Amino acid sequence: MIRLTDVHKFYPVRGGQVEVLKGINLTVQRGDHVCIVGGNGAGKSTLIRLISGIEQPSSGKIERTMRISWPLAFTGAFQGALTGVDNIRFICRVYDVAFEDVIDFVEDFSQLGRYLREPVKVYSSGMRARLAFALSMMIDFDCYLIDEVVAVGDSRFQQRCQEELFVKRADRALIIVSHDSHYLRLHAQRACVLEKGVLHHFPDIESALAHHNQVMAA
């Protein structure tokens, strides 16, 4: 389970603070597929970072009894001076996974070839994202965080991402942030709309999208 109780997030700005998230309450159980919809600047990515533990709330409580992924394709934790392989070794140590059990999978999945043994700082943004996605798939998480539509690499790589995430891991919890209504209808069971830092809950995708469209049109 993941439970957020009265979560607030402030960031310092010139002349004071801005409140990005305002009293967020959210519960996600094992196997739930939840989408979060909102306009630019609504606080969606901030919320995902708080759920993952990348950032901490200013106040409120976040409880986690599930193993949660970092946001898929998130590359901020890579050490640029290390090779792709060395970054894999580091992640394996953090999550207590045997390097020998996953290196073949990551090599095959990432399609980076010889670059896997080059420093990550020479990678393009697409190469870094492919490595990050492959690393996400090598760890057995209970909940996967998807910040915007997964569209990394060519069509073959994207198809394999869809297979690994939505078919092989269909029983896992998913928290999806996206503007793509078709994508949300395919992969989410219930929805929330984040509007000016306030999270509104809806029983189904269509009512959430209708509310979001109304807000955006106002």
# chains A, B, ... in the order shown; residues from 1 in each chain; ligands from 1

$ residues_around --residues "Tyr144 (chain A)" --least-positions-apart "2" --cutoff "9 Å" --atoms "only C-alpha atoms" --output "JSON, numbers by chain"
{"A": [67, 68, 69, 70, 71, 72, 136, 141, 142, 146, 165, 172, 173, 174, 175, 176]}

$ residues_around --residues "region 60-63 of chain A" --least-positions-apart "4" --cutoff "6 Å" --atoms "only C-alpha atoms" --output "MDAnalysis selection string"
chainID A and resid 2:7

$ select_by_dssp --residues "region 38-85 of chain A" --states "strand (DSSP E or B)" --output "PDB file with N, CA and C atoms, in the first residue's frame"
ATOM      1  N   SER A  59       5.262  18.852   4.648  1.00  0.00           N
ATOM      2  CA  SER A  59       4.489  18.405   5.799  1.00  0.00           C
ATOM      3  C   SER A  59       3.552  17.308   5.335  1.00  0.00           C
ATOM      4  N   GLY A  60       2.928  16.629   6.282  1.00  0.00           N
ATOM      5  CA  GLY A  60       2.081  15.489   5.942  1.00  0.00           C
ATOM      6  C   GLY A  60       2.858  14.187   6.037  1.00  0.00           C
ATOM      7  N   LYS A  61       2.216  13.103   5.665  1.00  0.00           N
ATOM      8  CA  LYS A  61       2.788  11.778   5.867  1.00  0.00           C
ATOM      9  C   LYS A  61       2.646  10.930   4.606  1.00  0.00           C
ATOM     10  N   ILE A  62       3.711  10.209   4.256  1.00  0.00           N
ATOM     11  CA  ILE A  62       3.678   9.246   3.156  1.00  0.00           C
ATOM     12  C   ILE A  62       4.088   7.885   3.702  1.00  0.00           C
ATOM     13  N   GLU A  63       3.181   6.909   3.626  1.00  0.00           N
ATOM     14  CA  GLU A  63       3.439   5.547   4.081  1.00  0.00           C
ATOM     15  C   GLU A  63       3.606   4.642   2.863  1.00  0.00           C
ATOM     16  N   ARG A  64       4.613   3.763   2.926  1.00  0.00           N
ATOM     17  CA  ARG A  64       4.873   2.847   1.827  1.00  0.00           C
ATOM     18  C   ARG A  64       5.094   1.444   2.386  1.00  0.00           C
ATOM     19  N   ILE A  68       8.633   0.476  -4.482  1.00  0.00           N
ATOM     20  CA  ILE A  68       8.220   1.436  -5.502  1.00  0.00           C
ATOM     21  C   ILE A  68       9.392   1.770  -6.412  1.00  0.00           C
ATOM     22  N   SER A  69       9.124   1.807  -7.703  1.00  0.00           N
ATOM     23  CA  SER A  69      10.159   2.168  -8.662  1.00  0.00           C
ATOM     24  C   SER A  69      10.460   3.657  -8.600  1.00  0.00           C
ATOM     25  N   TRP A  70      11.596   4.051  -9.165  1.00  0.00           N
ATOM     26  CA  TRP A  70      11.789   5.454  -9.487  1.00  0.00           C
ATOM     27  C   TRP A  70      10.929   5.735 -10.716  1.00  0.00           C
ATOM     28  N   PRO A  71      10.657   7.016 -11.069  1.00  0.00           N
ATOM     29  CA  PRO A  71       9.897   7.293 -12.294  1.00  0.00           C
ATOM     30  C   PRO A  71      10.581   6.659 -13.502  1.00  0.00           C
ATOM     31  N   THR A  83      30.595   3.933 -16.111  1.00  0.00           N
ATOM     32  CA  THR A  83      30.020   3.300 -17.291  1.00  0.00           C
ATOM     33  C   THR A  83      28.598   2.832 -16.985  1.00  0.00           C
TER      34      THR A  83
END

$ closest_residue --among "A:Gln79, A:Ser52, A:Ser110, A:Thr27" --to "Arg190 (chain A)" --atoms "only C-alpha atoms"
A:Thr27

$ select_by_dssp --residues "region 72-176 of chain A" --states "helix (DSSP H, G or I)" --output "JSON, numbers by chain"
{"A": [84, 85, 86, 87, 88, 89, 90, 91, 92, 93, 94, 95, 99, 100, 101, 102, 103, 104, 105, 106, 107, 108, 109, 110, 113, 114, 115, 116, 117, 120, 121, 122, 125, 126, 127, 128, 129, 130, 131, 132, 133, 134, 135, 136, 137, 138, 155, 156, 157, 158, 159, 160, 161, 162, 163, 164, 165, 166, 167]}

$ atom_distance --atom1 "CA of Leu50 (chain A)" --atom2 "CA of Cys161 (chain A)"
24.2 Å

$ residues_around --residues "Phe10 (chain A)" --least-positions-apart "2" --cutoff "10 Å" --atoms "only C-alpha atoms" --output "MDAnalysis selection string"
chainID A and resid 8 12:13 16:22 57:59

$ write_last_selection --atoms "all heavy atoms" --output "short mmCIF file (atom, residue, chain, number, x, y, z; two decimals), in the first residue's frame"
data_model
loop_
_atom_site.label_atom_id
_atom_site.label_comp_id
_atom_site.auth_asym_id
_atom_site.auth_seq_id
_atom_site.Cartn_x
_atom_site.Cartn_y
_atom_site.Cartn_z
N HIS A 8 1.76 18.30 1.91
CA HIS A 8 2.00 19.63 1.35
C HIS A 8 3.46 19.69 0.87
O HIS A 8 4.34 19.06 1.46
CB HIS A 8 1.79 20.72 2.40
CG HIS A 8 0.37 20.84 2.87
ND1 HIS A 8 -0.46 21.86 2.47
CD2 HIS A 8 -0.36 20.06 3.71
CE1 HIS A 8 -1.64 21.71 3.05
NE2 HIS A 8 -1.61 20.64 3.80
N PRO A 12 11.02 27.25 -2.09
CA PRO A 12 11.38 28.66 -1.88
C PRO A 12 11.48 29.40 -3.21
O PRO A 12 11.98 28.87 -4.20
CB PRO A 12 12.75 28.56 -1.19
CG PRO A 12 13.31 27.24 -1.63
CD PRO A 12 12.13 26.32 -1.79
N VAL A 13 10.96 30.59 -3.25
CA VAL A 13 11.07 31.48 -4.41
C VAL A 13 11.46 32.86 -3.91
O VAL A 13 11.46 33.13 -2.71
CB VAL A 13 9.73 31.56 -5.19
CG1 VAL A 13 9.37 30.21 -5.79
CG2 VAL A 13 8.60 32.06 -4.30
N GLY A 16 9.66 34.62 -0.81
CA GLY A 16 8.85 33.74 0.04
C GLY A 16 8.85 32.30 -0.42
O GLY A 16 9.88 31.77 -0.82
N GLN A 17 7.67 31.68 -0.38
CA GLN A 17 7.52 30.28 -0.77
C GLN A 17 6.28 30.12 -1.65
O GLN A 17 5.32 30.88 -1.53
CB GLN A 17 7.37 29.38 0.46
CG GLN A 17 8.61 29.23 1.30
CD GLN A 17 8.41 28.23 2.43
OE1 GLN A 17 7.33 28.15 3.02
NE2 GLN A 17 9.43 27.44 2.72
N VAL A 18 6.33 29.10 -2.51
CA VAL A 18 5.16 28.75 -3.30
C VAL A 18 4.72 27.35 -2.89
O VAL A 18 5.56 26.46 -2.73
CB VAL A 18 5.44 28.82 -4.82
CG1 VAL A 18 6.56 27.87 -5.22
CG2 VAL A 18 4.18 28.52 -5.61
N GLU A 19 3.43 27.16 -2.70
CA GLU A 19 2.89 25.85 -2.30
C GLU A 19 2.48 25.11 -3.58
O GLU A 19 1.51 25.48 -4.23
CB GLU A 19 1.71 26.00 -1.36
CG GLU A 19 1.24 24.69 -0.79
CD GLU A 19 0.14 24.86 0.26
OE1 GLU A 19 -0.47 25.94 0.32
OE2 GLU A 19 -0.09 23.89 1.02
N VAL A 20 3.21 24.06 -3.90
CA VAL A 20 2.96 23.31 -5.13
C VAL A 20 1.89 22.24 -4.91
O VAL A 20 1.06 21.99 -5.79
CB VAL A 20 4.27 22.67 -5.64
CG1 VAL A 20 4.02 21.82 -6.88
CG2 VAL A 20 5.30 23.75 -5.93
N LEU A 21 1.92 21.57 -3.76
CA LEU A 21 0.92 20.56 -3.42
C LEU A 21 0.23 20.95 -2.13
O LEU A 21 0.87 21.33 -1.16
CB LEU A 21 1.58 19.18 -3.27
CG LEU A 21 2.27 18.63 -4.52
CD1 LEU A 21 2.95 17.31 -4.21
CD2 LEU A 21 1.28 18.45 -5.67
N LYS A 22 -1.11 20.84 -2.12
CA LYS A 22 -1.92 21.37 -1.03
C LYS A 22 -2.80 20.28 -0.43
O LYS A 22 -3.87 19.97 -0.95
CB LYS A 22 -2.79 22.52 -1.55
CG LYS A 22 -1.99 23.63 -2.23
CD LYS A 22 -2.91 24.67 -2.86
CE LYS A 22 -2.10 25.76 -3.57
NZ LYS A 22 -3.00 26.76 -4.22
N PRO A 57 8.14 15.43 1.51
CA PRO A 57 7.11 16.46 1.67
C PRO A 57 7.52 17.51 2.68
O PRO A 57 8.31 17.25 3.58
CB PRO A 57 5.90 15.65 2.16
CG PRO A 57 6.49 14.45 2.84
CD PRO A 57 7.73 14.12 2.07
N SER A 58 6.98 18.71 2.51
CA SER A 58 7.21 19.76 3.50
C SER A 58 6.45 19.45 4.78
O SER A 58 6.90 19.78 5.89
CB SER A 58 6.78 21.11 2.94
OG SER A 58 7.48 21.41 1.75
N SER A 59 5.26 18.85 4.65
CA SER A 59 4.49 18.41 5.80
C SER A 59 3.55 17.31 5.33
O SER A 59 3.37 17.07 4.14
CB SER A 59 3.71 19.56 6.43
OG SER A 59 2.73 20.06 5.53
#

$ closest_residue --among "A:Arg185, A:His211, A:Arg128, A:Lys168" --to "Leu112 (chain A)" --atoms "only C-alpha atoms"
A:Arg128

$ residues_around --residues "Lys196 (chain A)" --least-positions-apart "3" --cutoff "12 Å" --atoms "only C-alpha atoms" --output "MDAnalysis selection string"
chainID A and resid 18:24 37:44 193 199:200 212 215:216

$ write_last_selection --atoms "C-alpha atoms" --output "short mmCIF file (atom, residue, chain, number, x, y, z; two decimals), in the first residue's frame"
data_model
loop_
_atom_site.label_atom_id
_atom_site.label_comp_id
_atom_site.auth_asym_id
_atom_site.auth_seq_id
_atom_site.Cartn_x
_atom_site.Cartn_y
_atom_site.Cartn_z
CA VAL A 18 5.16 28.75 -3.30
CA GLU A 19 2.89 25.85 -2.30
CA VAL A 20 2.96 23.31 -5.13
CA LEU A 21 0.92 20.56 -3.42
CA LYS A 22 -1.92 21.37 -1.03
CA GLY A 23 -3.14 18.72 1.37
CA ILE A 24 -2.85 15.69 -0.92
CA VAL A 37 -4.18 14.18 -14.94
CA GLY A 38 -3.41 17.87 -14.80
CA GLY A 39 -2.19 20.87 -16.74
CA ASN A 40 1.39 22.06 -16.98
CA GLY A 41 2.62 23.27 -13.61
CA ALA A 42 -0.16 21.55 -11.67
CA GLY A 43 2.37 19.60 -9.57
CA LYS A 44 2.15 16.15 -11.18
CA VAL A 193 -7.14 15.40 -11.44
CA LEU A 199 -5.99 16.49 -5.94
CA HIS A 200 -9.59 15.68 -6.99
CA HIS A 212 -9.88 18.20 -16.74
CA VAL A 215 -10.83 23.21 -16.38
CA MET A 216 -8.45 23.63 -19.33
#

$ closest_residue --among "A:Gln29, A:Cys35, A:Gln111, A:Ala217" --to "Pro203 (chain A)" --atoms "only C-alpha atoms"
A:Cys35

$ atom_distance --atom1 "CA of Ala98 (chain A)" --atom2 "CA of Leu135 (chain A)"
12.9 Å

$ closest_residue --among "A:Leu209, A:Val120, A:Leu26, A:Ile48" --to "Val85 (chain A)" --atoms "only C-alpha atoms"
A:Val120

$ closest_residue --among "A:Asp108, A:Ile139, A:Phe78, A:Gly113" --to "Cys92 (chain A)" --atoms "only C-alpha atoms"
A:Ile139

$ decode --residues "region 176-206 of chain A" --atoms "N, CA, C and O atoms" --output "PDB file, in the first residue's frame"
ATOM      1  N   ILE A 176       0.205   6.502 -13.039  1.00  0.00           N
ATOM      2  CA  ILE A 176       0.498   7.020 -14.376  1.00  0.00           C
ATOM      3  C   ILE A 176       0.175   8.504 -14.453  1.00  0.00           C
ATOM      4  O   ILE A 176      -0.934   8.925 -14.124  1.00  0.00           O
ATOM      5  N   VAL A 177       1.147   9.288 -14.900  1.00  0.00           N
ATOM      6  CA  VAL A 177       0.925  10.701 -15.205  1.00  0.00           C
ATOM      7  C   VAL A 177       1.024  10.860 -16.715  1.00  0.00           C
ATOM      8  O   VAL A 177       2.022  10.464 -17.325  1.00  0.00           O
ATOM      9  N   SER A 178      -0.033  11.392 -17.332  1.00  0.00           N
ATOM     10  CA  SER A 178      -0.007  11.541 -18.777  1.00  0.00           C
ATOM     11  C   SER A 178      -1.088  12.515 -19.231  1.00  0.00           C
ATOM     12  O   SER A 178      -2.114  12.687 -18.560  1.00  0.00           O
ATOM     13  N   HIS A 179      -0.850  13.140 -20.394  1.00  0.00           N
ATOM     14  CA  HIS A 179      -1.868  13.956 -21.054  1.00  0.00           C
ATOM     15  C   HIS A 179      -2.591  13.162 -22.133  1.00  0.00           C
ATOM     16  O   HIS A 179      -3.559  13.658 -22.724  1.00  0.00           O
ATOM     17  N   ASP A 180      -2.152  11.954 -22.409  1.00  0.00           N
ATOM     18  CA  ASP A 180      -2.676  11.148 -23.514  1.00  0.00           C
ATOM     19  C   ASP A 180      -3.915  10.378 -23.050  1.00  0.00           C
ATOM     20  O   ASP A 180      -3.805   9.365 -22.353  1.00  0.00           O
ATOM     21  N   SER A 181      -5.097  10.830 -23.456  1.00  0.00           N
ATOM     22  CA  SER A 181      -6.345  10.213 -22.996  1.00  0.00           C
ATOM     23  C   SER A 181      -6.485   8.772 -23.475  1.00  0.00           C
ATOM     24  O   SER A 181      -6.987   7.913 -22.741  1.00  0.00           O
ATOM     25  N   HIS A 182      -6.023   8.485 -24.691  1.00  0.00           N
ATOM     26  CA  HIS A 182      -6.095   7.109 -25.198  1.00  0.00           C
ATOM     27  C   HIS A 182      -5.240   6.179 -24.351  1.00  0.00           C
ATOM     28  O   HIS A 182      -5.672   5.078 -23.984  1.00  0.00           O
ATOM     29  N   TYR A 183      -4.053   6.626 -24.012  1.00  0.00           N
ATOM     30  CA  TYR A 183      -3.121   5.854 -23.180  1.00  0.00           C
ATOM     31  C   TYR A 183      -3.728   5.580 -21.810  1.00  0.00           C
ATOM     32  O   TYR A 183      -3.664   4.460 -21.285  1.00  0.00           O
ATOM     33  N   LEU A 184      -4.362   6.588 -21.228  1.00  0.00           N
ATOM     34  CA  LEU A 184      -4.968   6.430 -19.909  1.00  0.00           C
ATOM     35  C   LEU A 184      -6.154   5.472 -19.946  1.00  0.00           C
ATOM     36  O   LEU A 184      -6.334   4.661 -19.035  1.00  0.00           O
ATOM     37  N   ARG A 185      -6.957   5.570 -20.995  1.00  0.00           N
ATOM     38  CA  ARG A 185      -8.109   4.660 -21.111  1.00  0.00           C
ATOM     39  C   ARG A 185      -7.645   3.209 -21.233  1.00  0.00           C
ATOM     40  O   ARG A 185      -8.308   2.292 -20.742  1.00  0.00           O
ATOM     41  N   LEU A 186      -6.513   3.000 -21.877  1.00  0.00           N
ATOM     42  CA  LEU A 186      -5.988   1.642 -22.058  1.00  0.00           C
ATOM     43  C   LEU A 186      -5.444   1.055 -20.761  1.00  0.00           C
ATOM     44  O   LEU A 186      -5.627  -0.139 -20.488  1.00  0.00           O
ATOM     45  N   HIS A 187      -4.786   1.884 -19.945  1.00  0.00           N
ATOM     46  CA  HIS A 187      -3.956   1.336 -18.873  1.00  0.00           C
ATOM     47  C   HIS A 187      -4.384   1.683 -17.452  1.00  0.00           C
ATOM     48  O   HIS A 187      -3.838   1.111 -16.509  1.00  0.00           O
ATOM     49  N   ALA A 188      -5.337   2.592 -17.267  1.00  0.00           N
ATOM     50  CA  ALA A 188      -5.728   3.000 -15.910  1.00  0.00           C
ATOM     51  C   ALA A 188      -7.136   2.522 -15.579  1.00  0.00           C
ATOM     52  O   ALA A 188      -7.971   2.333 -16.458  1.00  0.00           O
ATOM     53  N   GLN A 189      -7.377   2.324 -14.276  1.00  0.00           N
ATOM     54  CA  GLN A 189      -8.680   1.892 -13.789  1.00  0.00           C
ATOM     55  C   GLN A 189      -9.445   3.030 -13.118  1.00  0.00           C
ATOM     56  O   GLN A 189     -10.675   3.051 -13.138  1.00  0.00           O
ATOM     57  N   ARG A 190      -8.741   3.939 -12.478  1.00  0.00           N
ATOM     58  CA  ARG A 190      -9.369   5.097 -11.861  1.00  0.00           C
ATOM     59  C   ARG A 190      -8.460   6.299 -12.006  1.00  0.00           C
ATOM     60  O   ARG A 190      -7.290   6.156 -12.376  1.00  0.00           O
ATOM     61  N   ALA A 191      -9.026   7.486 -11.736  1.00  0.00           N
ATOM     62  CA  ALA A 191      -8.290   8.698 -12.084  1.00  0.00           C
ATOM     63  C   ALA A 191      -8.435   9.779 -11.030  1.00  0.00           C
ATOM     64  O   ALA A 191      -9.419   9.842 -10.291  1.00  0.00           O
ATOM     65  N   CYS A 192      -7.411  10.626 -10.999  1.00  0.00           N
ATOM     66  CA  CYS A 192      -7.419  11.834 -10.174  1.00  0.00           C
ATOM     67  C   CYS A 192      -7.020  13.004 -11.060  1.00  0.00           C
ATOM     68  O   CYS A 192      -6.252  12.843 -12.013  1.00  0.00           O
ATOM     69  N   VAL A 193      -7.529  14.175 -10.739  1.00  0.00           N
ATOM     70  CA  VAL A 193      -7.142  15.396 -11.441  1.00  0.00           C
ATOM     71  C   VAL A 193      -6.437  16.311 -10.452  1.00  0.00           C
ATOM     72  O   VAL A 193      -6.987  16.629  -9.381  1.00  0.00           O
ATOM     73  N   LEU A 194      -5.217  16.706 -10.791  1.00  0.00           N
ATOM     74  CA  LEU A 194      -4.443  17.623  -9.956  1.00  0.00           C
ATOM     75  C   LEU A 194      -4.608  19.016 -10.536  1.00  0.00           C
ATOM     76  O   LEU A 194      -4.202  19.289 -11.671  1.00  0.00           O
ATOM     77  N   GLU A 195      -5.237  19.894  -9.768  1.00  0.00           N
ATOM     78  CA  GLU A 195      -5.569  21.230 -10.238  1.00  0.00           C
ATOM     79  C   GLU A 195      -5.091  22.256  -9.222  1.00  0.00           C
ATOM     80  O   GLU A 195      -5.571  22.276  -8.083  1.00  0.00           O
ATOM     81  N   LYS A 196      -4.086  23.059  -9.613  1.00  0.00           N
ATOM     82  CA  LYS A 196      -3.522  24.088  -8.739  1.00  0.00           C
ATOM     83  C   LYS A 196      -3.098  23.512  -7.396  1.00  0.00           C
ATOM     84  O   LYS A 196      -3.332  24.100  -6.335  1.00  0.00           O
ATOM     85  N   GLY A 197      -2.501  22.322  -7.437  1.00  0.00           N
ATOM     86  CA  GLY A 197      -1.968  21.697  -6.232  1.00  0.00           C
ATOM     87  C   GLY A 197      -2.958  20.908  -5.424  1.00  0.00           C
ATOM     88  O   GLY A 197      -2.586  20.306  -4.408  1.00  0.00           O
ATOM     89  N   VAL A 198      -4.221  20.880  -5.841  1.00  0.00           N
ATOM     90  CA  VAL A 198      -5.264  20.148  -5.126  1.00  0.00           C
ATOM     91  C   VAL A 198      -5.640  18.907  -5.929  1.00  0.00           C
ATOM     92  O   VAL A 198      -5.890  18.996  -7.136  1.00  0.00           O
ATOM     93  N   LEU A 199      -5.696  17.742  -5.265  1.00  0.00           N
ATOM     94  CA  LEU A 199      -5.994  16.489  -5.939  1.00  0.00           C
ATOM     95  C   LEU A 199      -7.477  16.161  -5.797  1.00  0.00           C
ATOM     96  O   LEU A 199      -7.987  16.003  -4.685  1.00  0.00           O
ATOM     97  N   HIS A 200      -8.176  16.039  -6.951  1.00  0.00           N
ATOM     98  CA  HIS A 200      -9.591  15.683  -6.989  1.00  0.00           C
ATOM     99  C   HIS A 200      -9.726  14.233  -7.441  1.00  0.00           C
ATOM    100  O   HIS A 200      -9.117  13.839  -8.443  1.00  0.00           O
ATOM    101  N   HIS A 201     -10.528  13.448  -6.727  1.00  0.00           N
ATOM    102  CA  HIS A 201     -10.682  12.030  -7.022  1.00  0.00           C
ATOM    103  C   HIS A 201     -11.965  11.780  -7.828  1.00  0.00           C
ATOM    104  O   HIS A 201     -13.003  12.369  -7.556  1.00  0.00           O
ATOM    105  N   PHE A 202     -11.866  10.863  -8.810  1.00  0.00           N
ATOM    106  CA  PHE A 202     -13.004  10.502  -9.650  1.00  0.00           C
ATOM    107  C   PHE A 202     -13.102   8.984  -9.732  1.00  0.00           C
ATOM    108  O   PHE A 202     -12.078   8.282  -9.692  1.00  0.00           O
ATOM    109  N   PRO A 203     -14.313   8.449  -9.878  1.00  0.00           N
ATOM    110  CA  PRO A 203     -14.486   6.994  -9.877  1.00  0.00           C
ATOM    111  C   PRO A 203     -14.075   6.318 -11.182  1.00  0.00           C
ATOM    112  O   PRO A 203     -13.897   5.114 -11.215  1.00  0.00           O
ATOM    113  N   ASP A 204     -13.942   7.101 -12.258  1.00  0.00           N
ATOM    114  CA  ASP A 204     -13.593   6.502 -13.548  1.00  0.00           C
ATOM    115  C   ASP A 204     -12.810   7.494 -14.393  1.00  0.00           C
ATOM    116  O   ASP A 204     -12.724   8.688 -14.075  1.00  0.00           O
ATOM    117  N   ILE A 205     -12.248   6.991 -15.486  1.00  0.00           N
ATOM    118  CA  ILE A 205     -11.389   7.801 -16.345  1.00  0.00           C
ATOM    119  C   ILE A 205     -12.183   8.908 -17.038  1.00  0.00           C
ATOM    120  O   ILE A 205     -11.747  10.058 -17.117  1.00  0.00           O
ATOM    121  N   GLU A 206     -13.354   8.569 -17.548  1.00  0.00           N
ATOM    122  CA  GLU A 206     -14.111   9.517 -18.366  1.00  0.00           C
ATOM    123  C   GLU A 206     -14.517  10.751 -17.576  1.00  0.00           C
ATOM    124  O   GLU A 206     -14.432  11.880 -18.081  1.00  0.00           O
TER     125      GLU A 206
END
